[in-house]
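Student: My structure is stored as my_file-v1.tsv, with TSV, N, CA and C atoms.
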chain	number	residue	atom	x	y	z
C	1	MET	N	-24.61	17.15	6.06
C	1	MET	CA	-25.13	15.81	5.96
C	1	MET	C	-23.96	14.85	5.73
C	2	ALA	N	-23.99	13.71	6.36
C	2	ALA	CA	-22.95	12.69	6.21
C	2	ALA	C	-23.13	11.95	4.89
C	3	VAL	N	-22.04	11.35	4.42
C	3	VAL	CA	-22.12	10.57	3.19
C	3	VAL	C	-22.98	9.33	3.41
C	4	ASP	N	-23.67	8.91	2.38
C	4	ASP	CA	-24.46	7.69	2.38
C	4	ASP	C	-23.64	6.65	1.63
C	5	LEU	N	-22.88	5.83	2.37
C	5	LEU	CA	-21.94	4.89	1.76
C	5	LEU	C	-22.64	3.88	0.86
C	6	ALA	N	-22.11	3.71	-0.34
C	6	ALA	CA	-22.57	2.68	-1.25
C	6	ALA	C	-21.69	1.44	-1.13
C	7	LYS	N	-20.56	1.56	-0.42
C	7	LYS	CA	-19.60	0.47	-0.22
C	7	LYS	C	-18.95	0.68	1.13
C	8	ALA	N	-18.85	-0.38	1.92
C	8	ALA	CA	-18.30	-0.27	3.27
C	8	ALA	C	-16.78	-0.43	3.26
C	9	ALA	N	-16.12	0.34	2.42
C	9	ALA	CA	-14.66	0.29	2.33
C	9	ALA	C	-14.17	1.59	1.71
C	10	LEU	N	-12.90	1.84	1.87
C	10	LEU	CA	-12.28	3.03	1.32
C	10	LEU	C	-11.35	2.61	0.20
C	11	ASP	N	-11.47	3.21	-0.97
C	11	ASP	CA	-10.52	2.99	-2.05
C	11	ASP	C	-9.45	4.05	-1.95
C	12	VAL	N	-8.20	3.66	-2.21
C	12	VAL	CA	-7.07	4.56	-2.07
C	12	VAL	C	-6.32	4.59	-3.39
C	13	GLY	N	-5.91	5.77	-3.81
C	13	GLY	CA	-5.13	5.91	-5.04
C	13	GLY	C	-3.71	6.37	-4.76
C	14	ILE	N	-2.77	5.74	-5.45
C	14	ILE	CA	-1.36	6.12	-5.36
C	14	ILE	C	-0.90	6.49	-6.76
C	15	LEU	N	-0.38	7.67	-6.92
C	15	LEU	CA	0.19	8.09	-8.19
C	15	LEU	C	1.63	7.57	-8.23
C	16	SER	N	2.00	6.90	-9.31
C	16	SER	CA	3.32	6.26	-9.36
C	16	SER	C	3.95	6.39	-10.73
C	17	LYS	N	5.26	6.47	-10.74
C	17	LYS	CA	6.01	6.40	-11.99
C	17	LYS	C	6.64	5.01	-12.13
C	18	ASN	N	6.31	4.14	-11.21
C	18	ASN	CA	6.97	2.84	-11.06
C	18	ASN	C	5.90	1.74	-11.04
C	19	GLY	N	4.97	1.77	-12.00
C	19	GLY	CA	3.80	0.91	-11.96
C	19	GLY	C	4.07	-0.57	-11.87
C	20	GLU	N	4.97	-1.10	-12.69
C	20	GLU	CA	5.20	-2.55	-12.69
C	20	GLU	C	5.70	-3.05	-11.35
C	21	LYS	N	6.66	-2.34	-10.76
C	21	LYS	CA	7.20	-2.78	-9.47
C	21	LYS	C	6.17	-2.60	-8.35
C	22	MET	N	5.39	-1.53	-8.42
C	22	MET	CA	4.34	-1.32	-7.42
C	22	MET	C	3.30	-2.43	-7.50
C	23	VAL	N	2.85	-2.77	-8.71
C	23	VAL	CA	1.87	-3.85	-8.87
C	23	VAL	C	2.47	-5.16	-8.38
C	24	ALA	N	3.73	-5.43	-8.71
C	24	ALA	CA	4.38	-6.67	-8.26
C	24	ALA	C	4.39	-6.75	-6.73
C	25	PHE	N	4.68	-5.64	-6.05
C	25	PHE	CA	4.72	-5.63	-4.59
C	25	PHE	C	3.35	-5.94	-4.00
C	26	TYR	N	2.34	-5.20	-4.42
C	26	TYR	CA	1.02	-5.37	-3.82
C	26	TYR	C	0.33	-6.67	-4.26
C	27	ARG	N	0.55	-7.08	-5.50
C	27	ARG	CA	-0.09	-8.30	-6.00
C	27	ARG	C	0.70	-9.54	-5.61
C	28	ASP	N	2.00	-9.56	-5.92
C	28	ASP	CA	2.79	-10.78	-5.77
C	28	ASP	C	3.33	-10.99	-4.36
C	29	VAL	N	3.65	-9.91	-3.66
C	29	VAL	CA	4.18	-10.04	-2.29
C	29	VAL	C	3.05	-10.04	-1.27
C	30	LEU	N	2.16	-9.03	-1.35
C	30	LEU	CA	1.10	-8.93	-0.36
C	30	LEU	C	-0.14	-9.75	-0.72
C	31	GLY	N	-0.25	-10.21	-1.96
C	31	GLY	CA	-1.34	-11.10	-2.35
C	31	GLY	C	-2.64	-10.41	-2.71
C	32	PHE	N	-2.62	-9.12	-2.99
C	32	PHE	CA	-3.85	-8.45	-3.42
C	32	PHE	C	-4.23	-9.01	-4.79
C	33	SER	N	-5.50	-9.22	-5.03
C	33	SER	CA	-5.94	-9.70	-6.35
C	33	SER	C	-6.08	-8.51	-7.28
C	34	GLN	N	-5.73	-8.73	-8.55
C	34	GLN	CA	-5.75	-7.62	-9.50
C	34	GLN	C	-6.97	-7.70	-10.39
C	35	GLU	N	-7.65	-6.58	-10.52
C	35	GLU	CA	-8.76	-6.44	-11.47
C	35	GLU	C	-8.17	-6.00	-12.81
C	36	ASP	N	-9.01	-5.90	-13.82
C	36	ASP	CA	-8.56	-5.39	-15.11
C	36	ASP	C	-8.08	-3.95	-14.95
C	37	ASP	N	-7.02	-3.62	-15.68
C	37	ASP	CA	-6.52	-2.25	-15.68
C	37	ASP	C	-7.51	-1.36	-16.44
C	38	VAL	N	-7.48	-0.10	-16.09
C	38	VAL	CA	-8.30	0.89	-16.79
C	38	VAL	C	-7.33	1.89	-17.42
C	39	THR	N	-7.37	2.00	-18.74
C	39	THR	CA	-6.54	2.97	-19.43
C	39	THR	C	-7.40	4.14	-19.86
C	40	ILE	N	-6.96	5.32	-19.50
C	40	ILE	CA	-7.68	6.54	-19.84
C	40	ILE	C	-6.83	7.28	-20.88
C	41	PRO	N	-7.34	7.38	-22.12
C	41	PRO	CA	-6.56	8.03	-23.18
C	41	PRO	C	-6.09	9.43	-22.77
C	42	ASN	N	-4.86	9.73	-23.14
C	42	ASN	CA	-4.24	11.02	-22.86
C	42	ASN	C	-4.05	11.30	-21.37
C	43	PHE	N	-4.17	10.26	-20.53
C	43	PHE	CA	-4.05	10.45	-19.09
C	43	PHE	C	-3.11	9.41	-18.48
C	44	GLY	N	-3.43	8.12	-18.64
C	44	GLY	CA	-2.59	7.08	-18.08
C	44	GLY	C	-3.37	5.81	-17.80
C	45	THR	N	-2.78	4.95	-16.97
C	45	THR	CA	-3.37	3.65	-16.65
C	45	THR	C	-3.56	3.52	-15.15
C	46	ILE	N	-4.70	2.97	-14.77
C	46	ILE	CA	-4.98	2.68	-13.36
C	46	ILE	C	-4.96	1.17	-13.18
C	47	HIS	N	-4.07	0.70	-12.31
C	47	HIS	CA	-4.00	-0.70	-11.93
C	47	HIS	C	-4.81	-0.85	-10.64
C	48	ARG	N	-5.85	-1.69	-10.66
C	48	ARG	CA	-6.73	-1.83	-9.50
C	48	ARG	C	-6.46	-3.16	-8.80
C	49	LEU	N	-6.18	-3.07	-7.50
C	49	LEU	CA	-5.86	-4.25	-6.70
C	49	LEU	C	-6.78	-4.30	-5.49
C	50	ASN	N	-7.35	-5.47	-5.24
C	50	ASN	CA	-8.31	-5.63	-4.15
C	50	ASN	C	-7.62	-6.05	-2.86
C	51	CYS	N	-8.02	-5.38	-1.77
C	51	CYS	CA	-7.60	-5.72	-0.42
C	51	CYS	C	-8.88	-5.81	0.40
C	52	GLY	N	-9.42	-7.02	0.52
C	52	GLY	CA	-10.73	-7.15	1.16
C	52	GLY	C	-11.75	-6.43	0.32
C	53	ASP	N	-12.54	-5.58	0.95
C	53	ASP	CA	-13.54	-4.80	0.23
C	53	ASP	C	-12.97	-3.48	-0.33
C	54	SER	N	-11.73	-3.19	0.01
C	54	SER	CA	-11.10	-1.96	-0.45
C	54	SER	C	-10.36	-2.20	-1.76
C	55	VAL	N	-10.12	-1.12	-2.49
C	55	VAL	CA	-9.38	-1.19	-3.74
C	55	VAL	C	-8.21	-0.20	-3.66
C	56	LEU	N	-7.02	-0.70	-3.96
C	56	LEU	CA	-5.85	0.15	-4.09
C	56	LEU	C	-5.69	0.44	-5.58
C	57	ARG	N	-5.68	1.70	-5.92
C	57	ARG	CA	-5.57	2.12	-7.32
C	57	ARG	C	-4.18	2.72	-7.52
C	58	ILE	N	-3.38	2.05	-8.33
C	58	ILE	CA	-2.06	2.56	-8.65
C	58	ILE	C	-2.17	3.24	-10.01
C	59	MET	N	-2.11	4.55	-10.00
C	59	MET	CA	-2.27	5.35	-11.20
C	59	MET	C	-0.91	5.67	-11.78
C	60	VAL	N	-0.68	5.27	-13.03
C	60	VAL	CA	0.57	5.57	-13.72
C	60	VAL	C	0.24	6.55	-14.85
C	61	PRO	N	0.51	7.84	-14.63
C	61	PRO	CA	0.17	8.84	-15.65
C	61	PRO	C	1.15	8.80	-16.82
C	62	LEU	N	0.73	9.35	-17.93
C	62	LEU	CA	1.60	9.42	-19.11
C	62	LEU	C	2.81	10.30	-18.84
C	63	SER	N	2.63	11.38	-18.09
C	63	SER	CA	3.73	12.26	-17.71
C	63	SER	C	4.24	11.83	-16.34
C	64	GLU	N	5.55	11.63	-16.23
C	64	GLU	CA	6.13	11.15	-14.99
C	64	GLU	C	5.92	12.15	-13.85
C	65	PRO	N	5.33	11.69	-12.72
C	65	PRO	CA	5.12	12.61	-11.59
C	65	PRO	C	6.39	12.81	-10.78
C	66	GLU	N	6.42	13.88	-10.02
C	66	GLU	CA	7.51	14.12	-9.09
C	66	GLU	C	7.37	13.15	-7.92
C	67	ASN	N	8.46	12.62	-7.42
C	67	ASN	CA	8.41	11.69	-6.29
C	67	ASN	C	8.43	12.47	-4.99
C	68	VAL	N	7.35	12.41	-4.22
C	68	VAL	CA	7.30	13.07	-2.92
C	68	VAL	C	7.09	12.07	-1.79
C	69	ALA	N	6.96	10.79	-2.13
C	69	ALA	CA	6.81	9.76	-1.10
C	69	ALA	C	8.17	9.52	-0.44
C	70	GLY	N	8.17	8.67	0.55
C	70	GLY	CA	9.42	8.33	1.22
C	70	GLY	C	9.77	9.34	2.30
C	71	GLY	N	11.05	9.44	2.57
C	71	GLY	CA	11.50	10.31	3.65
C	71	GLY	C	11.19	9.69	5.00
C	72	GLU	N	11.60	10.35	6.03
C	72	GLU	CA	11.30	9.87	7.37
C	72	GLU	C	9.79	9.91	7.61
C	73	PHE	N	9.31	8.99	8.40
C	73	PHE	CA	7.87	8.82	8.62
C	73	PHE	C	7.18	10.11	9.04
C	74	MET	N	7.74	10.83	9.96
C	74	MET	CA	7.12	12.05	10.49
C	74	MET	C	7.61	13.31	9.79
C	75	SER	N	8.26	13.18	8.62
C	75	SER	CA	8.90	14.34	7.99
C	75	SER	C	7.97	15.16	7.10
C	76	ARG	N	6.81	14.62	6.74
C	76	ARG	CA	5.92	15.34	5.84
C	76	ARG	C	4.49	15.21	6.32
C	77	ASN	N	3.68	16.21	5.96
C	77	ASN	CA	2.26	16.08	6.28
C	77	ASN	C	1.55	15.36	5.14
C	78	GLY	N	0.27	15.17	5.27
C	78	GLY	CA	-0.51	14.47	4.25
C	78	GLY	C	-0.67	13.00	4.62
C	79	ILE	N	-1.22	12.27	3.71
C	79	ILE	CA	-1.41	10.83	3.96
C	79	ILE	C	-0.04	10.17	3.92
C	80	ARG	N	0.36	9.58	5.01
C	80	ARG	CA	1.70	9.00	5.13
C	80	ARG	C	1.71	7.47	5.14
C	81	TYR	N	0.60	6.84	5.51
C	81	TYR	CA	0.63	5.39	5.58
C	81	TYR	C	-0.78	4.82	5.49
C	82	MET	N	-0.83	3.54	5.16
C	82	MET	CA	-2.09	2.80	5.25
C	82	MET	C	-1.84	1.63	6.18
C	83	THR	N	-2.87	1.22	6.89
C	83	THR	CA	-2.76	0.12	7.84
C	83	THR	C	-3.60	-1.04	7.35
C	84	ILE	N	-2.99	-2.23	7.42
C	84	ILE	CA	-3.68	-3.46	7.04
C	84	ILE	C	-3.62	-4.40	8.24
C	85	ASN	N	-4.76	-4.82	8.73
C	85	ASN	CA	-4.83	-5.76	9.85
C	85	ASN	C	-4.73	-7.17	9.29
C	86	ILE	N	-3.73	-7.93	9.77
C	86	ILE	CA	-3.47	-9.26	9.23
C	86	ILE	C	-3.26	-10.26	10.36
C	87	ASN	N	-3.24	-11.53	10.00
C	87	ASN	CA	-3.01	-12.61	10.97
C	87	ASN	C	-1.63	-13.23	10.86
C	88	ASN	N	-0.90	-12.98	9.76
C	88	ASN	CA	0.37	-13.66	9.50
C	88	ASN	C	1.52	-12.66	9.36
C	89	LEU	N	1.74	-11.88	10.38
C	89	LEU	CA	2.72	-10.80	10.36
C	89	LEU	C	4.13	-11.31	10.04
C	90	ASP	N	4.57	-12.37	10.69
C	90	ASP	CA	5.94	-12.85	10.49
C	90	ASP	C	6.18	-13.23	9.03
C	91	GLN	N	5.24	-13.94	8.42
C	91	GLN	CA	5.40	-14.37	7.03
C	91	GLN	C	5.38	-13.18	6.07
C	92	VAL	N	4.47	-12.24	6.28
C	92	VAL	CA	4.37	-11.08	5.39
C	92	VAL	C	5.64	-10.24	5.46
C	93	VAL	N	6.17	-10.00	6.64
C	93	VAL	CA	7.39	-9.21	6.77
C	93	VAL	C	8.56	-9.96	6.12
C	94	ALA	N	8.62	-11.27	6.29
C	94	ALA	CA	9.68	-12.06	5.64
C	94	ALA	C	9.57	-11.96	4.12
C	95	ASP	N	8.36	-12.02	3.59
C	95	ASP	CA	8.15	-11.89	2.14
C	95	ASP	C	8.56	-10.50	1.65
C	96	CYS	N	8.25	-9.47	2.44
C	96	CYS	CA	8.64	-8.11	2.07
C	96	CYS	C	10.17	-7.98	2.05
C	97	LYS	N	10.83	-8.59	3.03
C	97	LYS	CA	12.29	-8.57	3.07
C	97	LYS	C	12.86	-9.27	1.84
C	98	SER	N	12.30	-10.43	1.47
C	98	SER	CA	12.77	-11.18	0.30
C	98	SER	C	12.60	-10.37	-0.97
C	99	PHE	N	11.54	-9.59	-1.06
C	99	PHE	CA	11.28	-8.73	-2.21
C	99	PHE	C	12.26	-7.57	-2.29
C	100	GLY	N	12.85	-7.21	-1.14
C	100	GLY	CA	13.77	-6.09	-1.08
C	100	GLY	C	13.14	-4.81	-0.58
C	101	ALA	N	11.93	-4.91	-0.03
C	101	ALA	CA	11.25	-3.73	0.51
C	101	ALA	C	12.01	-3.21	1.72
C	102	ASN	N	12.01	-1.90	1.90
C	102	ASN	CA	12.60	-1.30	3.08
C	102	ASN	C	11.70	-1.59	4.28
C	103	ILE	N	12.27	-2.16	5.31
C	103	ILE	CA	11.53	-2.42	6.55
C	103	ILE	C	11.79	-1.23	7.46
C	104	ALA	N	10.85	-0.31	7.49
C	104	ALA	CA	11.02	0.92	8.26
C	104	ALA	C	10.98	0.66	9.75
C	105	VAL	N	10.05	-0.21	10.17
C	105	VAL	CA	9.94	-0.63	11.57
C	105	VAL	C	9.74	-2.13	11.55
C	106	ASP	N	10.74	-2.87	12.03
C	106	ASP	CA	10.61	-4.33	12.05
C	106	ASP	C	9.57	-4.73	13.09
C	107	ILE	N	9.22	-5.98	13.09
C	107	ILE	CA	8.17	-6.49	13.98
C	107	ILE	C	8.48	-6.12	15.43
C	108	ARG	N	7.47	-5.54	16.07
C	108	ARG	CA	7.63	-5.16	17.48
C	108	ARG	C	6.27	-5.21	18.16
C	109	ASP	N	6.32	-5.24	19.48
C	109	ASP	CA	5.09	-5.17	20.26
C	109	ASP	C	4.62	-3.72	20.28
C	110	LEU	N	3.38	-3.51	19.88
C	110	LEU	CA	2.80	-2.17	19.91
C	110	LEU	C	2.19	-1.91	21.28
C	111	ARG	N	1.50	-2.91	21.78
C	111	ARG	CA	0.92	-2.92	23.12
C	111	ARG	C	0.65	-4.39	23.44
C	112	PRO	N	0.29	-4.73	24.66
C	112	PRO	CA	0.08	-6.14	24.98
C	112	PRO	C	-0.91	-6.81	24.02
C	113	GLY	N	-0.46	-7.89	23.40
C	113	GLY	CA	-1.31	-8.66	22.50
C	113	GLY	C	-1.40	-8.14	21.08
C	114	VAL	N	-0.69	-7.05	20.78
C	114	VAL	CA	-0.73	-6.47	19.44
C	114	VAL	C	0.70	-6.22	18.96
C	115	ARG	N	1.01	-6.79	17.78
C	115	ARG	CA	2.32	-6.57	17.17
C	115	ARG	C	2.15	-5.80	15.87
C	116	CYS	N	3.20	-5.12	15.45
C	116	CYS	CA	3.11	-4.34	14.22
C	116	CYS	C	4.46	-4.31	13.52
C	117	ALA	N	4.42	-3.86	12.28
C	117	ALA	CA	5.62	-3.60	11.50
C	117	ALA	C	5.24	-2.57	10.45
C	118	GLN	N	6.22	-1.83	9.95
C	118	GLN	CA	6.00	-0.90	8.86
C	118	GLN	C	7.03	-1.17	7.76
C	119	VAL	N	6.54	-1.27	6.54
C	119	VAL	CA	7.41	-1.43	5.38
C	119	VAL	C	7.13	-0.30	4.41
C	120	GLN	N	8.04	-0.10	3.47
C	120	GLN	CA	7.82	0.88	2.42
C	120	GLN	C	7.69	0.15	1.09
C	121	ASP	N	6.68	0.55	0.32
C	121	ASP	CA	6.51	-0.04	-1.00
C	121	ASP	C	7.60	0.50	-1.93
C	122	PRO	N	7.66	0.04	-3.18
C	122	PRO	CA	8.74	0.49	-4.07
C	122	PRO	C	8.81	2.00	-4.30
C	123	ASP	N	7.72	2.72	-4.11
C	123	ASP	CA	7.75	4.17	-4.25
C	123	ASP	C	8.04	4.88	-2.93
C	124	GLY	N	8.15	4.16	-1.83
C	124	GLY	CA	8.46	4.76	-0.54
C	124	GLY	C	7.26	5.04	0.33
C	125	ASN	N	6.05	4.63	-0.10
C	125	ASN	CA	4.86	4.80	0.73
C	125	ASN	C	4.90	3.79	1.88
C	126	TYR	N	4.46	4.22	3.05
C	126	TYR	CA	4.49	3.36	4.22
C	126	TYR	C	3.24	2.48	4.29
C	127	VAL	N	3.46	1.20	4.56
C	127	VAL	CA	2.38	0.24	4.78
C	127	VAL	C	2.61	-0.34	6.17
C	128	GLU	N	1.63	-0.16	7.03
C	128	GLU	CA	1.72	-0.67	8.40
C	128	GLU	C	0.89	-1.94	8.49
C	129	PHE	N	1.45	-2.94	9.11
C	129	PHE	CA	0.74	-4.19	9.36
C	129	PHE	C	0.51	-4.34	10.86
C	130	ILE	N	-0.71	-4.62	11.24
C	130	ILE	CA	-1.09	-4.83	12.64
C	130	ILE	C	-1.58	-6.26	12.78
C	131	CYS	N	-1.09	-6.94	13.82
C	131	CYS	CA	-1.50	-8.32	14.09
C	131	CYS	C	-1.88	-8.42	15.57
C	132	ALA	N	-3.14	-8.70	15.83
C	132	ALA	CA	-3.62	-8.85	17.20
C	132	ALA	C	-3.87	-10.33	17.47
C	133	GLY	N	-3.54	-10.73	18.66
C	133	GLY	CA	-3.84	-12.11	19.04
C	133	GLY	C	-2.63	-12.97	19.17
Rewrite the coordinates I just gave you, this time as structure tokens.
Tutor:
Amino acid sequence: MAVDLAKAALDVGILSKNGEKMVAFYRDVLGFSQEDDVTIPNFGTIHRLNCGDSVLRIMVPLSEPENVAGGEFMSRNGIRYMTININNLDQVVADCKSFGANIAVDIRDLRPGVRCAQVQDPDGNYVEFICAG
């Protein structure tokens, strides 16, 4: 049986040892709105940031996790990137550059009428931006 969605969006969690810089990137650079943090005793803090109907959860555990993000894009299996469809690609990439984010793939034509770019957040996770039109 298929899931019966209670929300038409996917929430994504990122485990991080770099919470403040990660929140600054997603909130201050990309403009995600921040909800109240959730602190779980003996576990850590979840920073919740809204992207449309989706929520990005940056989990900062009490014990520092091993860093497995980053590396070359095709070098590891698992979830490697998230895609955000936007209208202001040039401005967002410029803001990411000003922040000091690694621009893995600068703005390019993906196919006729569609441009894209890939940046890495402070932990090395890939964020792909797609702009059509």
Student: Have a look at C:Val92, C:Val119, C:Cys131, C:Leu62 and name the one nearest to Ala104 (chain C); count all atoms listed in the file.
Tutor: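 Ranked by minimum distance to Ala104 (chain C), first place goes to C:Val119.
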Student: Just give me the residues with any atom within 8 Å of (-2.2, 0.3, 7.1), file coordinates, counting only C-alpha atoms, written as a PDB file with N, CA and C atoms, in the coordinates of the input.
Tutor:
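Result file is part_33.pdb:
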ATOM      1  N   TYR C  81       0.600   6.840   5.510  1.00  0.00           N
ATOM      2  CA  TYR C  81       0.630   5.390   5.580  1.00  0.00           C
ATOM      3  C   TYR C  81      -0.780   4.820   5.490  1.00  0.00           C
ATOM      4  N   MET C  82      -0.830   3.540   5.160  1.00  0.00           N
ATOM      5  CA  MET C  82      -2.090   2.800   5.250  1.00  0.00           C
ATOM      6  C   MET C  82      -1.840   1.630   6.180  1.00  0.00           C
ATOM      7  N   THR C  83      -2.870   1.220   6.890  1.00  0.00           N
ATOM      8  CA  THR C  83      -2.760   0.120   7.840  1.00  0.00           C
ATOM      9  C   THR C  83      -3.600  -1.040   7.350  1.00  0.00           C
ATOM     10  N   ILE C  84      -2.990  -2.230   7.420  1.00  0.00           N
ATOM     11  CA  ILE C  84      -3.680  -3.460   7.040  1.00  0.00           C
ATOM     12  C   ILE C  84      -3.620  -4.400   8.240  1.00  0.00           C
ATOM     13  N   ASN C  85      -4.760  -4.820   8.730  1.00  0.00           N
ATOM     14  CA  ASN C  85      -4.830  -5.760   9.850  1.00  0.00           C
ATOM     15  C   ASN C  85      -4.730  -7.170   9.290  1.00  0.00           C
ATOM     16  N   TYR C 126       4.460   4.220   3.050  1.00  0.00           N
ATOM     17  CA  TYR C 126       4.490   3.360   4.220  1.00  0.00           C
ATOM     18  C   TYR C 126       3.240   2.480   4.290  1.00  0.00           C
ATOM     19  N   VAL C 127       3.460   1.200   4.560  1.00  0.00           N
ATOM     20  CA  VAL C 127       2.380   0.240   4.780  1.00  0.00           C
ATOM     21  C   VAL C 127       2.610  -0.340   6.170  1.00  0.00           C
ATOM     22  N   GLU C 128       1.630  -0.160   7.030  1.00  0.00           N
ATOM     23  CA  GLU C 128       1.720  -0.670   8.400  1.00  0.00           C
ATOM     24  C   GLU C 128       0.890  -1.940   8.490  1.00  0.00           C
ATOM     25  N   PHE C 129       1.450  -2.940   9.110  1.00  0.00           N
ATOM     26  CA  PHE C 129       0.740  -4.190   9.360  1.00  0.00           C
ATOM     27  C   PHE C 129       0.510  -4.340  10.860  1.00  0.00           C
ATOM     28  N   ILE C 130      -0.710  -4.620  11.240  1.00  0.00           N
ATOM     29  CA  ILE C 130      -1.090  -4.830  12.640  1.00  0.00           C
ATOM     30  C   ILE C 130      -1.580  -6.260  12.780  1.00  0.00           C
TER      31      ILE C 130
END
Student: Smallest atom-to-atom distance to Pro65 (chain C): which of C:Val114, C:Asn50, C:Ala6, C:Asn18, using all atoms listed in the file?
Tutor: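 Closest candidate: C:Asn18.
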Student: Find the residues around region 96-98 of chain C up to 9 Å (only C-alpha atoms counted), leave out those fewer than 6 positions away in its own chain, and share them as a list in words.
Tutor: Phe25, Val29, Leu30, Val119 and Asp121 of chain C
Student: Could you write out the selected residues, including N, CA and C atoms, as a PDB file, in the coordinates of the input?
Tutor:
ATOM      1  N   PHE C  25       4.680  -5.640  -6.050  1.00  0.00           N
ATOM      2  CA  PHE C  25       4.720  -5.630  -4.590  1.00  0.00           C
ATOM      3  C   PHE C  25       3.350  -5.940  -4.000  1.00  0.00           C
ATOM      4  N   VAL C  29       3.650  -9.910  -3.660  1.00  0.00           N
ATOM      5  CA  VAL C  29       4.180 -10.040  -2.290  1.00  0.00           C
ATOM      6  C   VAL C  29       3.050 -10.040  -1.270  1.00  0.00           C
ATOM      7  N   LEU C  30       2.160  -9.030  -1.350  1.00  0.00           N
ATOM      8  CA  LEU C  30       1.100  -8.930  -0.360  1.00  0.00           C
ATOM      9  C   LEU C  30      -0.140  -9.750  -0.720  1.00  0.00           C
ATOM     10  N   VAL C 119       6.540  -1.270   6.540  1.00  0.00           N
ATOM     11  CA  VAL C 119       7.410  -1.430   5.380  1.00  0.00           C
ATOM     12  C   VAL C 119       7.130  -0.300   4.410  1.00  0.00           C
ATOM     13  N   ASP C 121       6.680   0.550   0.320  1.00  0.00           N
ATOM     14  CA  ASP C 121       6.510  -0.040  -1.000  1.00  0.00           C
ATOM     15  C   ASP C 121       7.600   0.500  -1.930  1.00  0.00           C
TER      16      ASP C 121
END
Student: Rounded to one decimal place, report the CA of Glu64 (chain C)-CA of Gly44 (chain C) distance in Å.
Tutor: 10.1 Å
Student: Work out how far atom C of Ser16 (chain C) is from atom N of Pro61 (chain C), in Å to one decimal.
Tutor: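 Those two atoms sit 5.4 Å apart.
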Student: C:Arg80, C:Asp95, C:Ala2, C:Gly71: which is nearest Asp28 (chain C), counting only C-alpha atoms?
Tutor: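 Under the stated criterion, the closest residue is C:Asp95.
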Student: Mind pulling up the distance from atom C of Gln120 (chain C) to atom N of Asp90 (chain C)?
Tutor: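 Computing it gives 16.1 Å between the two atoms.
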Student: Identify all residues of region 4-132 of chain C in helix (DSSP H, G or I) (DSSP on the backbone) and supply them as a PyMOL selection string.
Tutor: chain C and resi 19-29+89-99
Student: Write a file of the just-selected residues containing N, CA and C atoms, as a CSV table (one decimal), keeping the file's coordinate frame.
Tutor:
chain,number,residue,atom,x,y,z
C,19,GLY,N,5.0,1.8,-12.0
C,19,GLY,CA,3.8,0.9,-12.0
C,19,GLY,C,4.1,-0.6,-11.9
C,20,GLU,N,5.0,-1.1,-12.7
C,20,GLU,CA,5.2,-2.6,-12.7
C,20,GLU,C,5.7,-3.0,-11.4
C,21,LYS,N,6.7,-2.3,-10.8
C,21,LYS,CA,7.2,-2.8,-9.5
C,21,LYS,C,6.2,-2.6,-8.4
C,22,MET,N,5.4,-1.5,-8.4
C,22,MET,CA,4.3,-1.3,-7.4
C,22,MET,C,3.3,-2.4,-7.5
C,23,VAL,N,2.8,-2.8,-8.7
C,23,VAL,CA,1.9,-3.8,-8.9
C,23,VAL,C,2.5,-5.2,-8.4
C,24,ALA,N,3.7,-5.4,-8.7
C,24,ALA,CA,4.4,-6.7,-8.3
C,24,ALA,C,4.4,-6.8,-6.7
C,25,PHE,N,4.7,-5.6,-6.0
C,25,PHE,CA,4.7,-5.6,-4.6
C,25,PHE,C,3.4,-5.9,-4.0
C,26,TYR,N,2.3,-5.2,-4.4
C,26,TYR,CA,1.0,-5.4,-3.8
C,26,TYR,C,0.3,-6.7,-4.3
C,27,ARG,N,0.6,-7.1,-5.5
C,27,ARG,CA,-0.1,-8.3,-6.0
C,27,ARG,C,0.7,-9.5,-5.6
C,28,ASP,N,2.0,-9.6,-5.9
C,28,ASP,CA,2.8,-10.8,-5.8
C,28,ASP,C,3.3,-11.0,-4.4
C,29,VAL,N,3.6,-9.9,-3.7
C,29,VAL,CA,4.2,-10.0,-2.3
C,29,VAL,C,3.0,-10.0,-1.3
C,89,LEU,N,1.7,-11.9,10.4
C,89,LEU,CA,2.7,-10.8,10.4
C,89,LEU,C,4.1,-11.3,10.0
C,90,ASP,N,4.6,-12.4,10.7
C,90,ASP,CA,5.9,-12.8,10.5
C,90,ASP,C,6.2,-13.2,9.0
C,91,GLN,N,5.2,-13.9,8.4
C,91,GLN,CA,5.4,-14.4,7.0
C,91,GLN,C,5.4,-13.2,6.1
C,92,VAL,N,4.5,-12.2,6.3
C,92,VAL,CA,4.4,-11.1,5.4
C,92,VAL,C,5.6,-10.2,5.5
C,93,VAL,N,6.2,-10.0,6.6
C,93,VAL,CA,7.4,-9.2,6.8
C,93,VAL,C,8.6,-10.0,6.1
C,94,ALA,N,8.6,-11.3,6.3
C,94,ALA,CA,9.7,-12.1,5.6
C,94,ALA,C,9.6,-12.0,4.1
C,95,ASP,N,8.4,-12.0,3.6
C,95,ASP,CA,8.2,-11.9,2.1
C,95,ASP,C,8.6,-10.5,1.6
C,96,CYS,N,8.2,-9.5,2.4
C,96,CYS,CA,8.6,-8.1,2.1
C,96,CYS,C,10.2,-8.0,2.0
C,97,LYS,N,10.8,-8.6,3.0
C,97,LYS,CA,12.3,-8.6,3.1
C,97,LYS,C,12.9,-9.3,1.8
C,98,SER,N,12.3,-10.4,1.5
C,98,SER,CA,12.8,-11.2,0.3
C,98,SER,C,12.6,-10.4,-1.0
C,99,PHE,N,11.5,-9.6,-1.1
C,99,PHE,CA,11.3,-8.7,-2.2
C,99,PHE,C,12.3,-7.6,-2.3
